[in-house]
Amino acid sequence: MNSRARAARILAPVLAGKASLEIPASLAENKDRPLIAEFCYGSMRQLPRLQLMAAELLNKQLRSKDQDIQALLLLGLYQLEYMRIADHAAISETVQAARQLKKNWACGLLNAALRRWQREHDSLIAQLQKSDEYQWACPAWLLQRLQQDWPDNWQQIVQASNQQAPLTLRVNLQKNSRDALATELNQAGATCQPGELAPSALRLEQAVNLSALTAFAEGRCSVQDEAAQLCADLLKLEAGQKVLDACAAPGGKTGHLLECAAVELTALDISEERLQRVKENLQRLGASCQLRCADAADLDSWWNGQTFDRILLDAPCSGSGVMSRHPDIKRLRTPADVAGFARRQLELLARLWQTLAPGGQLLYVTCSVLREENQQVVNEFLQHAGDAEEITPDLPALQACSAGKQLLPVAGRHDGFYYALMRKRIPG
């Protein structure tokens with residue numbers, strides 16, 4: 001099966017809205033894995049454009065059971081428009097993929113559509129460029145929301161989301177200094193630069209095979225975006241504190257918390273499968289903590305009544321700040337999803353506040369740039385929680401909000417994250 005057919009099989013359930021984008025582990029040793037990944041992630045980044053292009057070429061929509069053929073059409077267009085693949089090879093291999101998927105009837109359709117794109121390219125592009133959705137490769141509803149929330153910055157956000165995210169490492173400062181690890185990596189050919197915001201961040205200039213990095217295997221570094229690395233730093237942990245990491249999977253922040261101080265940590269996640277990833281990450285780091293599978297909002301299912309000194313609530317969200325890393329968000333998220341996330345976030349915040357000790361601090365975090373999930377949630381919480389006060393993070397790179405602060409995504413640098421640090425007042 002050629003790479004286009006494999007990519008179409010991966011993309012079909014994503015296009016149907018039934019799965020997130022993930023390259024199967026079974027392809028780990030496949031020599032074409034990098035090409036398949038480029039097909040999948042690249043076409044998802046350009047999905048709003050590709051869908052409009054495809055709609056111009058089809059007389060009617062394909063049937064829902066033919067999402068694999070829809071994926072092949074998008075992949076063919078992606079190759080013609082965005083990849084350095086000869087046009088004849090892109091078209092012939094895409095048509096051949098339809099045969100390999102046992103859908104010979106689609107060969108003529110794909111061939112005709114892709115050749116029409118070749119013939120009428122300039123006139124079709126001129127027509128499509130009248131659409132903001134096409135120009136910015138962003139779903140119309142999300143583009144409108146970004147323009148509303150960030151009138152001076154929405155272009156930066158969209159442009160960052162359309163570029164591939166950098167590979168950033170978090171240095172385990174318990175085991176080596178950032179400078180020492182940078183020297184080691186540079187000597188090994190993995191050229192890197194220190195991050196601008198987090199003292200533990202090293203940004204690689206090119207992606208590398210992590211399994212080939214001795215420092216990664218030894219737990220001396222982990223993969224984590226620089227924006228995510230700020231979370232543990234903002235909590236300013238001290239040895240002996242009782243700490244809760246709610247919604248912990250896949251465990252990147254969990255490991256960072258344990259690297260910052262010798263704390264008594266409990267890591268929660270609602271998914272047993274995802275909690276296993278936390279365990280695996282901690283094993284590589286040589287760290288451990290109490291792992292609990294539970295709904296963080298259902299206190300009766302996991303909380304023993306002992307309060308925490310620090311809580312990290314990395315709340316489930318739309319992921320609108322990490323679209324460069326997870327471009328399938330452009331297909332999978334809807335306005336209704338954002339409203340649903342906001343309700344869940346407020347519920348988690350209110351429930352977990354009950355487990356925080358007086359004088360303790362809770363850091364509310366999302367990887368969203370939408371105000372509905374961020375400052376609106378925190379403002380509503382603060383209005384009803386009489387014992388909560390906000391602490392302003394001292395980070396100049398963050399945008400001030402009516403509550404909390406926002407780090408906007410920057411292409412080639414870091415993701416977009418929101419942070420709100422709150423302290424529970426001591427009675428009396």
# chains A, B, ... in the order shown; residues from 1 in each chain; ligands from 1
$ residues_around --residues "segment 270-277 of chain A" --least-positions-apart "6" --cutoff "9 Å" --atoms "only C-alpha atoms" --output "ChimeraX atom specification"
/A:247-251,291-296
$ select_by_dssp --residues "segment 11-252 of chain A" --states "alpha helix (DSSP H)" --output "PyMOL selection string"
chain A and resi 11-15+33-45+47-57+67-82+87-100+105-119+121-128+132-136+140-149+154-161+178-187+214-217+226-235+252
$ residues_around --residues "Leu114 of chain A" --least-positions-apart "4" --cutoff "7 Å" --atoms "only C-alpha atoms" --output "compact mmCIF listing (two decimals) with C-alpha atoms, in the first residue's frame"
# COMPACT_ATOMS: atom_id res chain seq x y z
CA GLY A 76 -3.67 15.21 -4.09
CA LEU A 77 -4.39 18.92 -3.88
CA ILE A 91 -1.62 12.60 -9.51
CA LEU A 110 -9.60 11.84 -8.77
CA GLN A 118 -3.73 21.93 -12.92
$ residues_around --residues "Val377 of chain A" --least-positions-apart "6" --cutoff "8 Å" --atoms "only C-alpha atoms" --output "list in words"
Ala342, Gln345 and Leu346 of chain A
$ residues_around --residues "Gln376 of chain A" --least-positions-apart "5" --cutoff "10 Å" --atoms "only C-alpha atoms" --output "list in words"
Ala342, Leu346, Leu370, Arg371, Phe381, Leu382, Cys401, Ser402, Ala403 and Gly404 of chain A
$ write_last_selection --atoms "N, CA and C atoms" --output "PDB file, in the first residue's frame"
ATOM      1  N   ALA A 342     -16.077  25.410  28.496  1.00  0.00           N
ATOM      2  CA  ALA A 342     -16.161  26.476  29.501  1.00  0.00           C
ATOM      3  C   ALA A 342     -16.981  26.026  30.709  1.00  0.00           C
ATOM      4  N   LEU A 346     -15.313  25.561  34.544  1.00  0.00           N
ATOM      5  CA  LEU A 346     -15.823  26.228  35.733  1.00  0.00           C
ATOM      6  C   LEU A 346     -16.182  25.216  36.812  1.00  0.00           C
ATOM      7  N   LEU A 370      -8.959  31.471  23.497  1.00  0.00           N
ATOM      8  CA  LEU A 370     -10.318  31.998  23.445  1.00  0.00           C
ATOM      9  C   LEU A 370     -10.746  32.493  24.825  1.00  0.00           C
ATOM     10  N   ARG A 371     -11.237  33.709  24.895  1.00  0.00           N
ATOM     11  CA  ARG A 371     -11.576  34.323  26.179  1.00  0.00           C
ATOM     12  C   ARG A 371     -12.693  33.564  26.899  1.00  0.00           C
ATOM     13  N   PHE A 381     -15.659  32.575  38.259  1.00  0.00           N
ATOM     14  CA  PHE A 381     -15.274  31.880  39.498  1.00  0.00           C
ATOM     15  C   PHE A 381     -14.972  32.876  40.613  1.00  0.00           C
ATOM     16  N   LEU A 382     -14.191  33.900  40.307  1.00  0.00           N
ATOM     17  CA  LEU A 382     -13.799  34.875  41.322  1.00  0.00           C
ATOM     18  C   LEU A 382     -14.999  35.638  41.880  1.00  0.00           C
ATOM     19  N   CYS A 401      -5.037  40.315  30.852  1.00  0.00           N
ATOM     20  CA  CYS A 401      -6.464  40.077  30.618  1.00  0.00           C
ATOM     21  C   CYS A 401      -7.237  40.626  31.813  1.00  0.00           C
ATOM     22  N   SER A 402      -8.555  40.628  31.745  1.00  0.00           N
ATOM     23  CA  SER A 402      -9.336  41.093  32.889  1.00  0.00           C
ATOM     24  C   SER A 402      -9.142  40.185  34.084  1.00  0.00           C
ATOM     25  N   ALA A 403      -8.736  38.951  33.836  1.00  0.00           N
ATOM     26  CA  ALA A 403      -8.307  38.014  34.882  1.00  0.00           C
ATOM     27  C   ALA A 403      -7.281  37.092  34.249  1.00  0.00           C
ATOM     28  N   GLY A 404      -6.191  36.833  34.960  1.00  0.00           N
ATOM     29  CA  GLY A 404      -5.142  35.989  34.410  1.00  0.00           C
ATOM     30  C   GLY A 404      -4.356  36.679  33.311  1.00  0.00           C
TER      31      GLY A 404
END
$ residues_around --residues "Ala160 of chain A" --least-positions-apart "3" --cutoff "10 Å" --atoms "only C-alpha atoms" --output "list of chain:residue names"
A:Trp154, A:Gln155, A:Gln156, A:Ile157, A:Gln163, A:Gln164, A:Ala165, A:Gly321, A:Val322, A:Met323, A:Ser324, A:Leu408, A:Pro409, A:Val410, A:Ala411, A:Gly412, A:Arg413, A:His414, A:Asp415, A:Gly416
$ residues_around --residues "Ala420 of chain A" --least-positions-apart "4" --cutoff "9 Å" --atoms "only C-alpha atoms" --output "short mmCIF file (atom, residue, chain, number, x, y, z; two decimals) with N, CA and C atoms, in the first residue's frame"
data_model
loop_
_atom_site.label_atom_id
_atom_site.label_comp_id
_atom_site.auth_asym_id
_atom_site.auth_seq_id
_atom_site.Cartn_x
_atom_site.Cartn_y
_atom_site.Cartn_z
N LEU A 362 -3.69 27.90 43.53
CA LEU A 362 -4.16 27.08 42.41
C LEU A 362 -3.82 27.80 41.12
N LEU A 363 -3.21 27.08 40.18
CA LEU A 363 -2.91 27.62 38.86
C LEU A 363 -3.86 27.00 37.85
N TYR A 364 -4.71 27.85 37.28
CA TYR A 364 -5.64 27.44 36.23
C TYR A 364 -4.98 27.70 34.89
N VAL A 365 -4.90 26.65 34.06
CA VAL A 365 -4.17 26.72 32.80
C VAL A 365 -5.02 26.12 31.69
N ASN A 374 -11.11 31.14 29.10
CA ASN A 374 -10.03 31.65 29.94
C ASN A 374 -10.52 32.69 30.93
N GLN A 375 -10.39 33.97 30.59
CA GLN A 375 -10.70 35.00 31.56
C GLN A 375 -12.18 35.02 31.94
N VAL A 378 -12.52 32.39 34.69
CA VAL A 378 -11.88 32.82 35.94
C VAL A 378 -12.65 33.97 36.58
N GLU A 390 -6.62 36.86 43.19
CA GLU A 390 -5.73 36.59 42.07
C GLU A 390 -4.32 37.08 42.36
N ILE A 391 -3.33 36.30 41.92
CA ILE A 391 -1.93 36.68 41.97
C ILE A 391 -1.49 36.92 40.54
N THR A 392 -0.89 38.05 40.26
CA THR A 392 -0.50 38.37 38.89
C THR A 392 0.87 37.79 38.57
N PRO A 393 0.96 36.88 37.58
CA PRO A 393 2.27 36.31 37.21
C PRO A 393 3.20 37.40 36.69
N ALA A 403 -8.74 38.95 33.84
CA ALA A 403 -8.31 38.01 34.88
C ALA A 403 -7.28 37.09 34.25
N GLY A 404 -6.19 36.83 34.96
CA GLY A 404 -5.14 35.99 34.41
C GLY A 404 -4.36 36.68 33.31
N LYS A 405 -3.48 35.91 32.68
CA LYS A 405 -2.66 36.44 31.60
C LYS A 405 -2.58 35.41 30.47
N GLN A 406 -2.40 35.93 29.26
CA GLN A 406 -2.38 35.10 28.06
C GLN A 406 -1.02 35.18 27.38
#
$ closest_atom_pairs --of "segment 72-130 of chain A" --to "segment 45-59 of chain A" --cutoff "12 Å" --atoms "only C-alpha atoms" --output "CSV"
residue,atom,partner,partner_atom,distance
A:Leu72,CA,A:Ala54,CA,10.5
A:Leu73,CA,A:Ala54,CA,7.0
A:Leu74,CA,A:Leu50,CA,5.8
A:Leu75,CA,A:Leu50,CA,8.6
A:Gly76,CA,A:Leu50,CA,9.6
A:Leu77,CA,A:Leu50,CA,6.8
A:Tyr78,CA,A:Leu50,CA,7.1
A:Gln79,CA,A:Leu50,CA,10.7
A:Leu80,CA,A:Leu50,CA,11.0
A:Glu81,CA,A:Leu50,CA,9.5
A:Tyr82,CA,A:Gln46,CA,9.2
A:Leu109,CA,A:Leu58,CA,8.6
A:Leu110,CA,A:Leu58,CA,9.7
A:Asn111,CA,A:Leu57,CA,11.1
A:Ala112,CA,A:Leu57,CA,8.8
A:Ala113,CA,A:Leu57,CA,5.6
A:Leu114,CA,A:Leu57,CA,8.2
A:Arg115,CA,A:Leu57,CA,9.9
A:Arg116,CA,A:Leu57,CA,7.5
A:Trp117,CA,A:Leu57,CA,7.5
A:Gln118,CA,A:Leu57,CA,11.2
A:Arg119,CA,A:Leu57,CA,11.7
A:Glu120,CA,A:Leu57,CA,10.2
A:His121,CA,A:Met53,CA,10.0
A:Ser123,CA,A:Glu56,CA,11.2
A:Leu124,CA,A:Glu56,CA,7.8
A:Ile125,CA,A:Met53,CA,8.3
A:Ala126,CA,A:Met53,CA,11.4
A:Gln127,CA,A:Glu56,CA,9.6
A:Leu128,CA,A:Leu52,CA,7.4
A:Gln129,CA,A:Arg49,CA,9.6
A:Lys130,CA,A:Leu52,CA,11.4
$ write_last_selection --atoms "C-alpha atoms" --output "PDB file, in the first residue's frame"
ATOM      1  CA  LEU A  72      -7.199  11.287  -1.270  1.00  0.00           C
ATOM      2  CA  LEU A  73      -8.572  14.310  -3.124  1.00  0.00           C
ATOM      3  CA  LEU A  74      -7.351  16.619  -0.348  1.00  0.00           C
ATOM      4  CA  LEU A  75      -3.979  14.860  -0.316  1.00  0.00           C
ATOM      5  CA  GLY A  76      -3.670  15.206  -4.087  1.00  0.00           C
ATOM      6  CA  LEU A  77      -4.394  18.925  -3.877  1.00  0.00           C
ATOM      7  CA  TYR A  78      -1.966  19.310  -0.972  1.00  0.00           C
ATOM      8  CA  GLN A  79       0.801  17.725  -3.030  1.00  0.00           C
ATOM      9  CA  LEU A  80       0.100  19.888  -6.073  1.00  0.00           C
ATOM     10  CA  GLU A  81      -0.101  23.121  -4.115  1.00  0.00           C
ATOM     11  CA  TYR A  82       2.286  22.744  -1.173  1.00  0.00           C
ATOM     12  CA  LEU A 109     -12.933  11.121 -10.484  1.00  0.00           C
ATOM     13  CA  LEU A 110      -9.600  11.840  -8.773  1.00  0.00           C
ATOM     14  CA  ASN A 111      -7.698  12.014 -12.040  1.00  0.00           C
ATOM     15  CA  ALA A 112     -10.196  14.431 -13.585  1.00  0.00           C
ATOM     16  CA  ALA A 113     -10.415  16.670 -10.507  1.00  0.00           C
ATOM     17  CA  LEU A 114      -6.657  16.950 -10.003  1.00  0.00           C
ATOM     18  CA  ARG A 115      -5.979  17.588 -13.686  1.00  0.00           C
ATOM     19  CA  ARG A 116      -8.647  20.265 -13.709  1.00  0.00           C
ATOM     20  CA  TRP A 117      -6.886  21.921 -10.796  1.00  0.00           C
ATOM     21  CA  GLN A 118      -3.729  21.932 -12.919  1.00  0.00           C
ATOM     22  CA  ARG A 119      -5.478  23.413 -15.952  1.00  0.00           C
ATOM     23  CA  GLU A 120      -7.591  26.038 -14.197  1.00  0.00           C
ATOM     24  CA  HIS A 121      -5.261  26.754 -11.285  1.00  0.00           C
ATOM     25  CA  SER A 123      -8.663  31.208 -12.188  1.00  0.00           C
ATOM     26  CA  LEU A 124      -9.721  28.887  -9.346  1.00  0.00           C
ATOM     27  CA  ILE A 125      -7.254  30.510  -6.951  1.00  0.00           C
ATOM     28  CA  ALA A 126      -8.492  33.981  -7.929  1.00  0.00           C
ATOM     29  CA  GLN A 127     -12.029  32.930  -7.054  1.00  0.00           C
ATOM     30  CA  LEU A 128     -11.082  31.258  -3.764  1.00  0.00           C
ATOM     31  CA  GLN A 129      -9.005  34.192  -2.533  1.00  0.00           C
ATOM     32  CA  LYS A 130     -12.216  36.170  -2.062  1.00  0.00           C
TER      33      LYS A 130
END
$ closest_residue --among "A:Gln290, A:Asn153, A:Ser3, A:Ser20" --to "Asp328 of chain A" --atoms "only C-alpha atoms"
A:Ser20
$ atom_distance --atom1 "atom CA of Lys31 of chain A" --atom2 "atom CA of Ala190 of chain A"
21.2 Å
$ closest_residue --among "A:Asn162, A:Gln148, A:Gln135, A:Gln241" --to "Met44 of chain A" --atoms "only C-alpha atoms"
A:Asn162
